[in-house]
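Since the structure comes first, as structure tokens, the remarks are kept for the end.
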Amino acid sequence: MLQGKTALWGEDAGREDGGVHPGWVGGVWEHLQPCSPAAGGQGGVGSRAGGTNRGCCPRQDSLQVAGRGPGCGEEQPARPSEPALPQLGPHLPTRLRQQPWNLLYCTARDGFSLRTLYRCTGQLSSPALLLIRDTEAQAFGAFCTSPIHVSNGFYGTGETFLFSFSPELKVFRWTGRNSFFLKGDVDLLMIGGGSGKFGLWLDGDLHRGGSCPCETFNNESLSPRGEFCVQDLEVWGLA
């Protein structure tokens with residue numbers, strides 16, 4: 001089972017103070033379902049608190065997220081909610097399945113900026129788990145064996161994979177056809193590629209992204225529409 005410092009991904013997930021830990025076990029990812037406005041925001045979180053979605057999709061009510069990564073963001077109170085199922089754990093490399101994980105970056109706490117994401121994650125040598133929820137309530141992401149950082153070319157290993165919940169978990173592993181695992185530009189993050197298409201990409205303000213079938217992972221489009229607007233995004237690394 002993929003763990004955090006206090007069993008983040010298990011049914012007993014919670015902080016030592018009794019509150020629910022941020023992230024997939026918090027309101028943002030509760031059961032990977034859309035949050036209900038009628039529930040007063042208890043079931044989910046809106047993106048871009050204090051801002052706008054710039055025409056993408058109506059905002060949902062904001063929910064503050066607790067916890068902090070190394071040197072990024074301020075600690076904020078969280079609302080308790082049920083944890084999401086620990087479906088990704090068995091798909092990680094065996095050596096990582098029982099390791100503690102820590103929230104390094106999240107848009108609800110640190111704002112929407114690829115440069116901030118690089119600053120929060122690039123100084124570590126930890127593998128990275130990228131989790132995205134779009135404004136259509138689709139959840140997907142990537143596991144990378146290397147930290148996410150600015151690079152001159154593609155980097156990473158064959159343990160990198162893409163995944164989506166649609167609603168069942170689908171994992172797309174390396175095909176061996178190329179080594180376009182991960183590349184970080186100042187204003188663009190790319191995961192997987194080939195023939196001019198990327199398995200997953202995000203723009204510099206983490207507002208828009210896209211997903212296409214690519215040779216690296218032979219994946220389906222992670223988002224039904226191909227391009228998407230980001231609602232929430234998190235990056236987890238080894239504690």
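Chains: A, B, ... in order of the structure tokens. Residues: from 1 per chain. Ligands: from 1, in order shown.
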With a distance cut-off of 9 Å and only C-alpha atoms, select the neighbouring residues of A:Ser151, excluding the residue or stretch itself and same-chain residues fewer than 3 positions from it, and output the selection as an MDAnalysis selection string. chainID A and resid 148 154:155 182:186
Deliver the residues from the most recent selection as a file, using N, CA, C and O atoms, as a PDB file, in the first residue's frame.
ATOM      1  N   ILE A 148      10.808  16.306 -10.682  1.00  0.00           N
ATOM      2  CA  ILE A 148      10.390  17.168 -11.785  1.00  0.00           C
ATOM      3  C   ILE A 148      11.199  18.460 -11.724  1.00  0.00           C
ATOM      4  O   ILE A 148      11.176  19.173 -10.714  1.00  0.00           O
ATOM      5  N   PHE A 154      14.972  15.314 -22.591  1.00  0.00           N
ATOM      6  CA  PHE A 154      14.156  14.351 -21.864  1.00  0.00           C
ATOM      7  C   PHE A 154      15.019  13.523 -20.921  1.00  0.00           C
ATOM      8  O   PHE A 154      16.188  13.229 -21.225  1.00  0.00           O
ATOM      9  N   TYR A 155      14.457  13.152 -19.792  1.00  0.00           N
ATOM     10  CA  TYR A 155      15.166  12.344 -18.808  1.00  0.00           C
ATOM     11  C   TYR A 155      14.170  11.408 -18.140  1.00  0.00           C
ATOM     12  O   TYR A 155      12.960  11.491 -18.352  1.00  0.00           O
ATOM     13  N   LEU A 182      10.305  12.472 -19.643  1.00  0.00           N
ATOM     14  CA  LEU A 182       9.953  13.713 -18.936  1.00  0.00           C
ATOM     15  C   LEU A 182      10.891  14.821 -19.380  1.00  0.00           C
ATOM     16  O   LEU A 182      12.101  14.625 -19.497  1.00  0.00           O
ATOM     17  N   LYS A 183      10.319  15.993 -19.638  1.00  0.00           N
ATOM     18  CA  LYS A 183      11.118  17.168 -19.979  1.00  0.00           C
ATOM     19  C   LYS A 183      10.470  18.399 -19.384  1.00  0.00           C
ATOM     20  O   LYS A 183       9.259  18.623 -19.562  1.00  0.00           O
ATOM     21  N   GLY A 184      11.272  19.191 -18.686  1.00  0.00           N
ATOM     22  CA  GLY A 184      10.768  20.407 -18.072  1.00  0.00           C
ATOM     23  C   GLY A 184      11.350  21.650 -18.708  1.00  0.00           C
ATOM     24  O   GLY A 184      12.556  21.894 -18.612  1.00  0.00           O
ATOM     25  N   ASP A 185      10.524  22.433 -19.399  1.00  0.00           N
ATOM     26  CA  ASP A 185      10.898  23.770 -19.849  1.00  0.00           C
ATOM     27  C   ASP A 185      10.354  24.784 -18.864  1.00  0.00           C
ATOM     28  O   ASP A 185       9.502  24.473 -18.026  1.00  0.00           O
ATOM     29  N   VAL A 186      10.815  26.008 -18.963  1.00  0.00           N
ATOM     30  CA  VAL A 186      10.361  27.046 -18.043  1.00  0.00           C
ATOM     31  C   VAL A 186       8.851  27.221 -18.121  1.00  0.00           C
ATOM     32  O   VAL A 186       8.179  27.415 -17.100  1.00  0.00           O
TER      33      VAL A 186
END
Identify, on the basis of only C-alpha atoms, every residue whose closest approach to A:Leu222 does not exceed 9 Å; exclude the query and any residue fewer than 2 positions from it along the same chain; express the result as a PyMOL selection string. chain A and resi 138-141+162-166+199-200+210-213+219-220+224-226
Apply DSSP to the structure's backbone, then extract all residues of stretch 108-202 of chain A labelled strand (DSSP E or B) and return them as JSON, numbers by chain. {"A": [128, 129, 130, 131, 132, 133, 134, 139, 140, 141, 142, 143, 144, 155, 161, 162, 163, 164, 165, 169, 170, 171, 172, 173, 182, 183, 184, 185, 188, 189, 190, 191, 192, 193, 194, 197, 198, 199, 200, 201, 202]}
Would you list the contacts of A:Leu238 as a list in words, taking every protein, DNA or RNA residue within 8 Å and counting only C-alpha atoms, but skipping same-chain residues closer than 5 positions in sequence? Gln99, Pro100, Trp101, Asn102, Ser126, Pro127 and Ala128 of chain A
Please compute the atom CA of A:Gln231-atom CA of A:Leu189 distance, one decimal, in Å. 16.8 Å
Can you measure atom CA of A:Thr145 to atom CA of A:Cys214 for me? One decimal in Å is fine.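 Rounded to one decimal, the two atoms are 18.9 Å apart.
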Shell around A:Leu117 at 9 Å using only C-alpha atoms, local window under 5 positions removed, as a list in words: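 In the requested format, the answer is Leu104, Tyr105, Cys106, Thr107, Asp110, Phe112, Gly122, Ile148, His149 and Val235 of chain A.
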